[in-house]
Each structure stands twice: as C-alpha cells, then as structure tokens.
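Structure file my_file.cif (mmCIF, C-alpha atoms) is printed below.
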data_upload
#
loop_
_atom_site.group_PDB
_atom_site.id
_atom_site.type_symbol
_atom_site.label_atom_id
_atom_site.label_comp_id
_atom_site.auth_asym_id
_atom_site.auth_seq_id
_atom_site.Cartn_x
_atom_site.Cartn_y
_atom_site.Cartn_z
ATOM 1 C CA MET R 8 103.230 145.401 86.560
ATOM 2 C CA ARG R 9 103.461 149.138 87.113
ATOM 3 C CA GLU R 10 106.814 150.669 88.013
ATOM 4 C CA LEU R 11 107.184 152.670 91.218
ATOM 5 C CA ASN R 12 108.609 156.168 91.041
ATOM 6 C CA ASP R 13 111.218 157.519 93.444
ATOM 7 C CA ASP R 14 108.632 159.018 95.797
ATOM 8 C CA GLU R 15 106.723 155.730 95.996
ATOM 9 C CA LEU R 16 109.908 153.712 96.498
ATOM 10 C CA HIS R 17 110.908 155.942 99.403
ATOM 11 C CA ARG R 18 107.438 156.223 100.956
ATOM 12 C CA TYR R 19 106.716 152.473 100.953
ATOM 13 C CA ALA R 20 110.299 151.283 101.511
ATOM 14 C CA ARG R 21 109.679 149.571 104.864
ATOM 15 C CA GLN R 22 106.916 147.350 103.501
ATOM 16 C CA LEU R 23 108.530 146.779 100.118
ATOM 17 C CA VAL R 24 111.276 144.786 101.837
ATOM 18 C CA LEU R 25 108.692 142.302 103.097
ATOM 19 C CA PRO R 26 108.632 139.278 100.755
ATOM 20 C CA GLU R 27 104.843 139.133 101.171
ATOM 21 C CA VAL R 28 104.611 142.625 99.676
ATOM 22 C CA ASP R 29 107.584 143.325 97.384
ATOM 23 C CA PHE R 30 107.024 145.344 94.201
ATOM 24 C CA ALA R 31 104.212 143.141 92.902
ATOM 25 C CA GLY R 32 102.252 143.416 96.124
ATOM 26 C CA GLN R 33 102.723 147.149 96.321
ATOM 27 C CA ALA R 34 101.435 147.466 92.774
ATOM 28 C CA ARG R 35 98.351 145.462 93.810
ATOM 29 C CA LEU R 36 97.748 147.812 96.727
ATOM 30 C CA MET R 37 98.150 150.877 94.538
ATOM 31 C CA ASP R 38 95.615 149.496 92.055
ATOM 32 C CA ALA R 39 93.118 148.510 94.765
ATOM 33 C CA ARG R 40 89.834 150.228 95.553
ATOM 34 C CA VAL R 41 88.442 149.982 99.085
ATOM 35 C CA LEU R 42 85.213 151.250 100.651
ATOM 36 C CA ILE R 43 85.282 152.201 104.330
ATOM 37 C CA VAL R 44 81.830 152.660 105.845
ATOM 38 C CA GLY R 45 81.991 154.583 109.113
ATOM 39 C CA LEU R 46 84.700 157.117 109.943
ATOM 40 C CA GLY R 47 84.550 157.008 113.717
ATOM 41 C CA GLY R 48 86.676 155.103 116.202
ATOM 42 C CA LEU R 49 87.170 152.051 113.973
ATOM 43 C CA GLY R 50 87.263 153.743 110.580
ATOM 44 C CA SER R 51 89.781 156.353 111.693
ATOM 45 C CA PRO R 52 92.794 154.082 112.301
ATOM 46 C CA ALA R 53 91.747 151.700 109.538
ATOM 47 C CA ALA R 54 91.638 154.490 106.962
ATOM 48 C CA LEU R 55 94.923 155.994 108.128
ATOM 49 C CA TYR R 56 96.774 152.681 107.843
ATOM 50 C CA LEU R 57 95.300 151.862 104.440
ATOM 51 C CA ALA R 58 96.187 155.299 103.098
ATOM 52 C CA GLY R 59 99.646 155.025 104.604
ATOM 53 C CA ALA R 60 100.143 151.634 102.951
ATOM 54 C CA GLY R 61 99.317 153.145 99.566
ATOM 55 C CA VAL R 62 95.914 151.637 98.803
ATOM 56 C CA GLY R 63 95.228 153.494 95.599
ATOM 57 C CA HIS R 64 91.619 154.581 95.995
ATOM 58 C CA LEU R 65 89.655 154.919 99.223
ATOM 59 C CA ALA R 66 85.939 155.663 99.231
ATOM 60 C CA VAL R 67 85.179 156.952 102.747
ATOM 61 C CA ALA R 68 81.517 156.979 103.747
ATOM 62 C CA ASP R 69 79.846 158.624 106.727
ATOM 63 C CA HIS R 70 76.780 160.883 106.811
ATOM 64 C CA ASP R 71 77.529 162.236 110.296
ATOM 65 C CA ARG R 72 79.379 165.379 111.364
ATOM 66 C CA VAL R 73 82.331 165.670 113.743
ATOM 67 C CA ASP R 74 81.364 166.319 117.362
ATOM 68 C CA VAL R 75 83.791 167.253 120.123
ATOM 69 C CA SER R 76 82.768 164.090 122.020
ATOM 70 C CA ASN R 77 84.175 162.024 119.112
ATOM 71 C CA LEU R 78 87.719 163.285 119.438
ATOM 72 C CA HIS R 79 88.973 161.057 122.258
ATOM 73 C CA ARG R 80 88.840 158.054 119.923
ATOM 74 C CA GLN R 81 88.205 159.200 116.324
ATOM 75 C CA VAL R 82 91.785 160.121 115.479
ATOM 76 C CA LEU R 83 91.105 161.169 111.876
ATOM 77 C CA HIS R 84 89.479 164.362 113.110
ATOM 78 C CA ARG R 85 90.729 167.468 114.937
ATOM 79 C CA THR R 86 89.077 170.099 117.116
ATOM 80 C CA SER R 87 89.077 172.419 114.126
ATOM 81 C CA ASP R 88 86.926 169.836 112.277
ATOM 82 C CA VAL R 89 84.044 169.992 114.762
ATOM 83 C CA GLY R 90 80.841 170.565 112.786
ATOM 84 C CA ARG R 91 82.317 169.401 109.472
ATOM 85 C CA PRO R 92 81.093 166.288 107.657
ATOM 86 C CA LYS R 93 83.232 163.364 108.781
ATOM 87 C CA ALA R 94 83.799 162.233 105.203
ATOM 88 C CA GLU R 95 85.290 165.626 104.276
ATOM 89 C CA SER R 96 87.422 165.748 107.417
ATOM 90 C CA ALA R 97 88.644 162.205 106.706
ATOM 91 C CA ARG R 98 89.520 163.030 103.107
ATOM 92 C CA ASP R 99 91.656 165.986 104.180
ATOM 93 C CA ALA R 100 93.446 163.991 106.898
ATOM 94 C CA LEU R 101 94.172 161.059 104.576
ATOM 95 C CA LEU R 102 95.503 163.241 101.770
ATOM 96 C CA ALA R 103 97.660 165.120 104.265
ATOM 97 C CA LEU R 104 99.136 161.763 105.281
ATOM 98 C CA ASN R 105 99.560 160.443 101.728
ATOM 99 C CA PRO R 106 98.852 162.688 98.738
ATOM 100 C CA LEU R 107 99.594 159.781 96.371
ATOM 101 C CA VAL R 108 96.252 158.091 97.053
ATOM 102 C CA GLU R 109 92.801 159.059 95.818
ATOM 103 C CA VAL R 110 90.082 159.658 98.393
ATOM 104 C CA THR R 111 86.390 159.986 97.539
ATOM 105 C CA PRO R 112 84.145 161.234 100.365
ATOM 106 C CA VAL R 113 80.618 159.831 100.510
ATOM 107 C CA MET R 114 78.541 162.091 102.746
ATOM 108 C CA ALA R 115 74.950 161.162 101.977
ATOM 109 C CA HIS R 116 73.107 158.458 103.856
ATOM 110 C CA MET R 117 73.186 155.441 101.540
ATOM 111 C CA ASP R 118 70.016 153.539 100.766
ATOM 112 C CA ALA R 119 70.222 149.961 99.476
ATOM 113 C CA ALA R 120 70.738 151.028 95.858
ATOM 114 C CA ALA R 121 73.459 153.551 96.684
ATOM 115 C CA LEU R 122 75.230 151.070 98.953
ATOM 116 C CA ALA R 123 75.087 148.402 96.233
ATOM 117 C CA ALA R 124 76.628 150.815 93.732
ATOM 118 C CA GLN R 125 79.441 151.754 96.091
ATOM 119 C CA VAL R 126 80.208 148.125 96.930
ATOM 120 C CA ALA R 127 80.183 147.075 93.275
ATOM 121 C CA ALA R 128 82.836 149.688 92.469
ATOM 122 C CA VAL R 129 85.476 148.430 94.933
ATOM 123 C CA ASP R 130 87.578 145.339 95.639
ATOM 124 C CA LEU R 131 86.946 145.119 99.380
ATOM 125 C CA VAL R 132 84.745 146.695 102.059
ATOM 126 C CA LEU R 133 85.461 147.599 105.683
ATOM 127 C CA ASP R 134 82.444 147.779 107.972
ATOM 128 C CA CYS R 135 83.385 150.251 110.693
ATOM 129 C CA THR R 136 79.826 151.135 111.696
ATOM 130 C CA ASP R 137 78.129 150.852 115.052
ATOM 131 C CA ASN R 138 74.621 149.512 114.466
ATOM 132 C CA PHE R 139 73.215 146.195 113.356
ATOM 133 C CA ASP R 140 70.872 147.510 110.679
ATOM 134 C CA THR R 141 73.777 149.043 108.760
ATOM 135 C CA ARG R 142 75.970 145.985 109.299
ATOM 136 C CA PHE R 143 73.310 143.679 107.882
ATOM 137 C CA ALA R 144 72.830 145.987 104.901
ATOM 138 C CA ILE R 145 76.581 146.082 104.195
ATOM 139 C CA ASN R 146 76.789 142.299 104.522
ATOM 140 C CA ALA R 147 73.912 141.819 102.074
ATOM 141 C CA ALA R 148 75.453 144.227 99.557
ATOM 142 C CA CYS R 149 78.846 142.521 99.766
ATOM 143 C CA ALA R 150 77.243 139.096 99.388
ATOM 144 C CA ALA R 151 75.317 140.204 96.312
ATOM 145 C CA ALA R 152 78.454 141.692 94.738
ATOM 146 C CA ARG R 153 80.751 138.865 95.937
ATOM 147 C CA LYS R 154 83.123 141.272 97.668
ATOM 148 C CA PRO R 155 85.233 140.445 100.754
ATOM 149 C CA LEU R 156 84.084 142.173 103.944
ATOM 150 C CA VAL R 157 86.232 143.051 106.956
ATOM 151 C CA SER R 158 83.950 143.658 109.930
ATOM 152 C CA GLY R 159 84.885 145.184 113.271
ATOM 153 C CA ALA R 160 83.061 146.207 116.435
ATOM 154 C CA ALA R 161 84.091 147.596 119.815
ATOM 155 C CA ILE R 162 82.447 148.781 123.026
ATOM 156 C CA ARG R 163 83.648 149.392 126.588
ATOM 157 C CA PHE R 164 86.944 147.423 126.788
ATOM 158 C CA GLU R 165 86.013 144.731 124.243
ATOM 159 C CA GLY R 166 86.261 144.359 120.498
ATOM 160 C CA GLN R 167 86.057 141.822 117.699
ATOM 161 C CA VAL R 168 87.135 141.439 114.076
ATOM 162 C CA SER R 169 86.315 138.933 111.355
ATOM 163 C CA VAL R 170 86.831 138.605 107.606
ATOM 164 C CA PHE R 171 83.911 137.350 105.550
ATOM 165 C CA ARG R 172 85.066 136.031 102.165
ATOM 166 C CA LEU R 173 81.804 136.678 100.400
ATOM 167 C CA ASP R 174 83.609 136.110 97.105
ATOM 168 C CA ARG R 175 83.619 132.393 98.036
ATOM 169 C CA PRO R 176 80.401 130.327 97.997
ATOM 170 C CA HIS R 177 80.848 128.313 101.185
ATOM 171 C CA ALA R 178 82.307 130.992 103.460
ATOM 172 C CA PRO R 179 80.160 132.289 106.357
ATOM 173 C CA CYS R 180 78.715 135.795 106.312
ATOM 174 C CA TYR R 181 77.922 138.298 109.057
ATOM 175 C CA ARG R 182 74.337 137.052 109.183
ATOM 176 C CA CYS R 183 75.661 133.579 110.027
ATOM 177 C CA LEU R 184 77.266 135.084 113.127
ATOM 178 C CA TYR R 185 74.355 137.263 114.239
ATOM 179 C CA ARG R 186 70.673 136.716 113.597
ATOM 180 C CA GLU R 187 68.924 139.812 112.346
ATOM 181 C CA ALA R 188 65.830 139.460 114.483
ATOM 182 C CA GLY R 189 66.126 140.914 117.955
ATOM 183 C CA SER R 190 69.688 142.232 117.564
ATOM 184 C CA GLU R 191 70.324 145.613 119.110
ATOM 185 C CA ALA R 192 73.645 147.402 119.364
ATOM 186 C CA GLU R 193 74.354 149.231 122.602
ATOM 187 C CA PRO R 194 75.140 152.880 121.848
ATOM 188 C CA CYS R 195 78.598 154.097 122.753
ATOM 189 C CA ALA R 196 77.065 157.253 124.245
ATOM 190 C CA ARG R 197 75.311 155.159 126.906
ATOM 191 C CA VAL R 198 77.797 152.404 127.762
ATOM 192 C CA GLY R 199 81.095 154.074 126.780
ATOM 193 C CA VAL R 200 84.305 152.937 125.141
ATOM 194 C CA LEU R 201 87.980 153.468 125.877
ATOM 195 C CA GLY R 202 89.674 155.130 122.923
ATOM 196 C CA PRO R 203 92.607 152.742 122.412
ATOM 197 C CA VAL R 204 90.214 149.768 122.201
ATOM 198 C CA VAL R 205 88.688 151.004 118.952
ATOM 199 C CA GLY R 206 92.208 151.895 117.808
ATOM 200 C CA VAL R 207 93.318 148.289 118.294
ATOM 201 C CA ILE R 208 90.326 146.870 116.458
ATOM 202 C CA GLY R 209 90.516 149.373 113.604
ATOM 203 C CA ALA R 210 94.218 148.620 113.147
ATOM 204 C CA VAL R 211 93.478 144.884 112.967
ATOM 205 C CA GLN R 212 90.807 145.599 110.348
ATOM 206 C CA ALA R 213 93.399 147.450 108.268
ATOM 207 C CA LEU R 214 95.864 144.581 108.654
ATOM 208 C CA GLU R 215 93.296 142.022 107.532
ATOM 209 C CA ALA R 216 92.251 144.193 104.597
ATOM 210 C CA LEU R 217 95.850 144.512 103.419
ATOM 211 C CA LYS R 218 96.328 140.753 103.678
ATOM 212 C CA VAL R 219 93.246 140.106 101.558
ATOM 213 C CA LEU R 220 94.409 142.599 98.936
ATOM 214 C CA LEU R 221 97.892 141.050 98.916
ATOM 215 C CA GLY R 222 96.535 137.509 98.618
ATOM 216 C CA ILE R 223 97.856 136.418 102.019
ATOM 217 C CA GLU R 224 95.611 133.580 103.182
ATOM 218 C CA THR R 225 96.722 133.361 106.826
ATOM 219 C CA GLY R 226 94.125 135.714 108.245
ATOM 220 C CA LEU R 227 90.774 135.878 109.977
ATOM 221 C CA ALA R 228 88.652 134.532 107.114
ATOM 222 C CA GLY R 229 86.070 132.263 108.721
ATOM 223 C CA ARG R 230 87.357 133.117 112.192
ATOM 224 C CA LEU R 231 86.296 135.619 114.844
ATOM 225 C CA LEU R 232 89.007 137.398 116.822
ATOM 226 C CA MET R 233 87.806 138.674 120.213
ATOM 227 C CA PHE R 234 89.796 141.156 122.282
ATOM 228 C CA ASP R 235 89.349 141.826 126.007
ATOM 229 C CA GLY R 236 91.222 145.050 126.657
ATOM 230 C CA ARG R 237 90.617 144.982 130.394
ATOM 231 C CA ARG R 238 92.363 141.621 130.809
ATOM 232 C CA GLY R 239 94.679 141.903 127.812
ATOM 233 C CA ASP R 240 93.297 138.635 126.392
ATOM 234 C CA TRP R 241 92.789 137.527 122.783
ATOM 235 C CA ARG R 242 90.593 134.620 121.730
ATOM 236 C CA VAL R 243 89.792 133.187 118.299
ATOM 237 C CA ILE R 244 86.845 130.969 117.408
ATOM 238 C CA GLY R 245 86.020 129.330 114.095
ATOM 239 C CA LEU R 246 82.915 130.284 112.122
ATOM 240 C CA LYS R 247 80.844 128.110 109.809
ATOM 241 C CA GLN R 248 78.241 128.976 107.243
ATOM 242 C CA ASP R 249 74.725 128.668 108.661
ATOM 243 C CA PRO R 250 72.767 126.348 106.320
ATOM 244 C CA ASP R 251 69.609 128.328 107.158
ATOM 245 C CA CYS R 252 71.155 131.755 106.455
ATOM 246 C CA PRO R 253 69.069 133.377 103.675
ATOM 247 C CA VAL R 254 72.000 135.550 102.539
ATOM 248 C CA CYS R 255 74.304 132.580 102.084
ATOM 249 C CA ARG R 256 71.595 130.456 100.484
ATOM 250 C CA ALA R 257 71.070 133.107 97.807
ATOM 251 C CA ARG R 258 74.820 133.521 97.386
ATOM 252 C CA ARG R 259 75.403 129.777 96.884
ATOM 253 C CA GLU R 260 72.660 129.640 94.280
ATOM 254 C CA ALA R 261 74.185 132.586 92.419
ATOM 255 C CA PHE R 262 77.652 131.017 92.097
#
Please rewrite the model in this file as structure tokens.
Amino acid sequence: MRELNDDELHRYARQLVLPEVDFAGQARLMDARVLIVGLGGLGSPAALYLAGAGVGHLAVADHDRVDVSNLHRQVLHRTSDVGRPKAESARDALLALNPLVEVTPVMAHMDAAALAAQVAAVDLVLDCTDNFDTRFAINAACAAARKPLVSGAAIRFEGQVSVFRLDRPHAPCYRCLYREAGSEAEPCARVGVLGPVVGVIGAVQALEALKVLLGIETGLAGRLLMFDGRRGDWRVIGLKQDPDCPVCRARREAF
C-alpha cells in the first residue's frame, strides 16, 4: 500500500477518519482511473467531488463548448469559459480544486472504437450525458469491457441514478431498464431543468462511484433511485436483468 505524504494526509483528513475509507481506501482512490462522459449539469458536480476525494486519474469527455445558458447548472464552468471546450474548462477547474490528481480532457466526439478504448483504460465510468443514443453506446462499451457504470439523468424537477455492475454476469444493464427502440430524450432546452436538481443527481453519482471504488456494497447496484425535487420525495425500485436483453446475453456468454 502506498504511503500518503503530508499534503495528502491534510487534504483528505476528513474522509480518512471514516473506517470505510481509512488509508487503504484512500490509496485505492488515488490509484483509480475514472471516465466521466458529459461535463454539463450532472458531470460538473460529479467530477468536482471525485477530484476532491482524490481519485487519481480522471478522463473527462465532452465535445461541446461552454455556452452562457449552461452556467446556471454546470458549476464546473465560469463566464470567462464561454466558448471554450468543456473538457478543457473542466480540466482547469478540477486541477484548481485538487492539483494532486491527473485530469485528461477528451474533446473529440467519440465513435464506438474511441469509446471502447477510453472505457477499457479505466476502472469505472460515469454516464452524465443527456441523450439515449450516447447512453446506449456507453452501456454497450462498459458491458463489453466489464466495467461498472454509474448512470444519472435529470430533467425539470426530477432525476434518477443507478449503478450497473457490468463486471458481474447476472447484473442488469441500462438496456434492461430502457428499450433502445422508440426511446427519445427530451432536450433540456425545450422542457427546462432547475439547477440544483442536476446538482443533487450528480452528487449521488459521485457518491456511488466512490463506494464502488472503495468496495462498499451497500449502494444502488441493481436498484434505481428516483428523486422528485418538487415534492422532496425519494423512491427506490429494484432492477432485474432482462432475459431478452441482447447486451446482457452477450455479456453472460463472454464470462
């Protein structure tokens, strides 16, 4: 196990005292590699909390540029970042928060091969995107590489989070929850979203990611957490693997 230096001991002191983290857990976080796809309302808080916790290497992927209309909810970025690639803006914000981590910006739009390469190089993936086509592609790449996936979504006053343990043969995947055919995401630009809602969901994604990296089993694996921000309600439902899911069928055969 690696030894922590004085800066690391001071920086991570408040989580080091947790028995679930301790020195061994912190070393695991510092050795971990995580891919965050989407650096908007969900990816912003998720990335900030993972960098703050000392996750050693963050690959941050987004091919979009910062727009002033993003700023009410995408807290990684500042007015001075308008027009910059989001991945570059995110890298600078994360290193300003914690210069002890490594951050690799991924600015190009990823095709299936590029996404597969990025997923294969990390321990865990966070899907912080906002459209079904990308979510299905991320799910398929994680299933093929047997990498855990933390998926979040939010719109209006509602949000949801789940953890898909695609490193386990009988765990459900995102495709088990949503059928690919006929699925259409409603754009935020048309229906709107309240900024703190994506902040809540992105923070839960970061929490679940840290628990997976630390080996804490009491999380949202195989469960869907739904948040109603208007009412202040939380609801959890169990998920099961769909026996007809083509992604899971291929994954079971590969194990």
Atom pair atom CA of R:Asn146 + atom CA of R:Lys218, distance 19.6 Å
| Which of these residues is nearest to R:Phe262, using all atoms listed in the file: R:Leu36, R:Ala152, R:Ala228, R:Val168? |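 Closest to R:Phe262 of all the choices is R:Ala152.
Candidate residues R:Cys135, R:Val73, R:Ala257, R:Val243 were compared for distance to R:Thr86, and the nearest is R:Val73, using all atoms listed in the file.
Using all atoms listed in the file, the shortest contact distance between R:Pro155 and any of R:His79, R:Arg35, R:Arg40, R:Lys247 is found at R:Arg40.
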Residues near R:Asp235, cut-off 6 Å, only C-alpha atoms, skip fewer than 4 positions along chain, as JSON, numbers by chain: {"R": [165, 239, 240]}
* To do: Could you tell me which residues the PyMOL selection byres ((chain R and resi 28) around 12) returns for this structure, as a count of residues only?
  => 27
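Taking atom CA of R:Ala53 as the reference point, atom CA of R:Arg238 is found at 23.5 Å.
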Practice problem: Could you tell me which residues the PyMOL selection byres ((chain R and resi 80-84) around 6) grabs in this file, written as a list in words? | Solution: Gly47, Gly48, Ser51, Asn77, Leu78, His79, Arg85, Ala97 and Gly202 of chain R
Practice item. Tell me which of R:Ala150, R:Glu10, R:Asp140, R:His116 sits closest to R:Ala261, counting all atoms listed in the file. Key: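 Going through R:Ala150, R:Glu10, R:Asp140, R:His116 one by one, the smallest distance to R:Ala261 is for R:Ala150.
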Would you list the residues near (92.6, 145.5, 125.3), meaning any protein, DNA or RNA residue with an atom at most 12 Å from that point in file coordinates, counting all atoms listed in the file, as JSON, numbers by chain?
{"R": [161, 162, 163, 164, 165, 166, 167, 200, 201, 202, 203, 204, 205, 206, 207, 208, 233, 234, 235, 236, 237, 238, 239, 240, 241, 242]}
task = Evaluate the PyMOL selection byres ((chain R and resi 226) around 10) and record the selected residues as a ChimeraX atom specification, following the chain and residue labels used in the document.
result = /R:169-170,214-216,218-219,223-225,227-230
_Within 9 Å of R:Asp88 using all atoms listed in the file, minus same-chain residues under 3 positions, as a list of chain:residue names_ =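 Counting only the stated atoms, we get R:Arg72, R:Val73, R:Asp74, R:Val75, R:His84, R:Arg85, R:Arg91, R:Pro92, R:Lys93, R:Ser96.
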**Prompt:** Suppose you want the space between atom CA of R:Leu42 and atom CA of R:Leu246; what is it in Å?
**Reply:**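 So the answer is 24.0 Å.
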Which polymer residues have any atom within 9 Å of an atom of R:Glu95, counting all atoms listed in the file, with same-chain residues fewer than 5 positions away left out, as a list of chain:residue names?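 Here the answer would be R:Val67, R:Ala100, R:Thr111, R:Pro112, R:Val113, R:Met114.
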Worksheet item: Do you know which residues are at most 7 Å from R:Leu133 counting only C-alpha atoms, after dropping those on the same chain fewer than 2 positions away, and could you put them as a PyMOL selection string?
Response: chain R and resi 42-44+131+135+156-158
Take the point (96.7, 158.8, 96.0) as written in the file and pick out every residue within 9 Å of it, counting only C-alpha atoms; give the list as a VMD selection string.
chain R and resid 37 58 61 to 65 102 105 to 110
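Across R:Pro176, R:Gly45, R:Gly209, R:Pro253, the tightest approach to R:Arg142 is made by R:Gly45 when counting only C-alpha atoms.
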ask   = When distances are computed from only C-alpha atoms, which of R:Val129, R:Leu101, R:Val254, R:Val198 shows the smallest separation from R:Phe143?
value =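 Residue with the minimum atom-to-atom distance to R:Phe143: R:Val254.
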For stretch 102-212 of chain R versus stretch 248-251 of chain R, which residues have an atom no more than 10 Å away, and what is each residue's nearest atom pair and distance in Å rounded to one decimal, using only C-alpha atoms, chain-then-number order, as a Markdown table?
| residue | atom | partner | partner_atom | distance |
| --- | --- | --- | --- | --- |
| R:Pro176 | CA | R:Gln248 | CA | 9.6 |
| R:His177 | CA | R:Gln248 | CA | 6.6 |
| R:Ala178 | CA | R:Gln248 | CA | 5.9 |
| R:Pro179 | CA | R:Gln248 | CA | 3.9 |
| R:Cys180 | CA | R:Gln248 | CA | 6.9 |
| R:Tyr181 | CA | R:Gln248 | CA | 9.5 |
| R:Arg182 | CA | R:Asp249 | CA | 8.4 |
| R:Cys183 | CA | R:Asp249 | CA | 5.2 |
| R:Leu184 | CA | R:Asp249 | CA | 8.2 |
Write a file for stretch 147-160 of chain R of the given structure; include N, CA and C atoms and format it as a PDB file, in the first residue's frame.
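See part_30.pdb below for the written result:
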ATOM      1  N   ALA R 147     -23.097  -0.281 -23.774  1.00  0.00           N
ATOM      2  CA  ALA R 147     -22.539  -1.383 -24.558  1.00  0.00           C
ATOM      3  C   ALA R 147     -21.028  -1.481 -24.380  1.00  0.00           C
ATOM      4  N   ALA R 148     -20.353  -0.332 -24.359  1.00  0.00           N
ATOM      5  CA  ALA R 148     -18.896  -0.338 -24.180  1.00  0.00           C
ATOM      6  C   ALA R 148     -18.511  -0.849 -22.806  1.00  0.00           C
ATOM      7  N   CYS R 149     -19.246  -0.441 -21.779  1.00  0.00           N
ATOM      8  CA  CYS R 149     -18.958  -0.912 -20.421  1.00  0.00           C
ATOM      9  C   CYS R 149     -19.239  -2.405 -20.288  1.00  0.00           C
ATOM     10  N   ALA R 150     -20.306  -2.875 -20.925  1.00  0.00           N
ATOM     11  CA  ALA R 150     -20.621  -4.299 -20.879  1.00  0.00           C
ATOM     12  C   ALA R 150     -19.522  -5.116 -21.548  1.00  0.00           C
ATOM     13  N   ALA R 151     -19.045  -4.650 -22.694  1.00  0.00           N
ATOM     14  CA  ALA R 151     -18.007  -5.374 -23.412  1.00  0.00           C
ATOM     15  C   ALA R 151     -16.702  -5.423 -22.628  1.00  0.00           C
ATOM     16  N   ALA R 152     -16.409  -4.343 -21.899  1.00  0.00           N
ATOM     17  CA  ALA R 152     -15.165  -4.264 -21.127  1.00  0.00           C
ATOM     18  C   ALA R 152     -15.336  -4.729 -19.689  1.00  0.00           C
ATOM     19  N   ARG R 153     -16.569  -5.067 -19.297  1.00  0.00           N
ATOM     20  CA  ARG R 153     -16.869  -5.499 -17.920  1.00  0.00           C
ATOM     21  C   ARG R 153     -16.475  -4.432 -16.899  1.00  0.00           C
ATOM     22  N   LYS R 154     -16.922  -3.208 -17.147  1.00  0.00           N
ATOM     23  CA  LYS R 154     -16.619  -2.097 -16.253  1.00  0.00           C
ATOM     24  C   LYS R 154     -17.899  -1.576 -15.602  1.00  0.00           C
ATOM     25  N   PRO R 155     -17.882  -1.294 -14.298  1.00  0.00           N
ATOM     26  CA  PRO R 155     -19.064  -0.744 -13.636  1.00  0.00           C
ATOM     27  C   PRO R 155     -19.449   0.609 -14.240  1.00  0.00           C
ATOM     28  N   LEU R 156     -20.747   0.857 -14.292  1.00  0.00           N
ATOM     29  CA  LEU R 156     -21.290   2.077 -14.886  1.00  0.00           C
ATOM     30  C   LEU R 156     -22.229   2.743 -13.895  1.00  0.00           C
ATOM     31  N   VAL R 157     -21.996   4.023 -13.628  1.00  0.00           N
ATOM     32  CA  VAL R 157     -22.886   4.816 -12.786  1.00  0.00           C
ATOM     33  C   VAL R 157     -23.628   5.782 -13.700  1.00  0.00           C
ATOM     34  N   SER R 158     -24.932   5.596 -13.811  1.00  0.00           N
ATOM     35  CA  SER R 158     -25.738   6.350 -14.769  1.00  0.00           C
ATOM     36  C   SER R 158     -26.669   7.312 -14.051  1.00  0.00           C
ATOM     37  N   GLY R 159     -26.733   8.542 -14.543  1.00  0.00           N
ATOM     38  CA  GLY R 159     -27.636   9.534 -13.978  1.00  0.00           C
ATOM     39  C   GLY R 159     -28.388  10.275 -15.066  1.00  0.00           C
ATOM     40  N   ALA R 160     -29.550  10.813 -14.707  1.00  0.00           N
ATOM     41  CA  ALA R 160     -30.340  11.611 -15.641  1.00  0.00           C
ATOM     42  C   ALA R 160     -31.189  12.575 -14.825  1.00  0.00           C
TER      43      ALA R 160
END
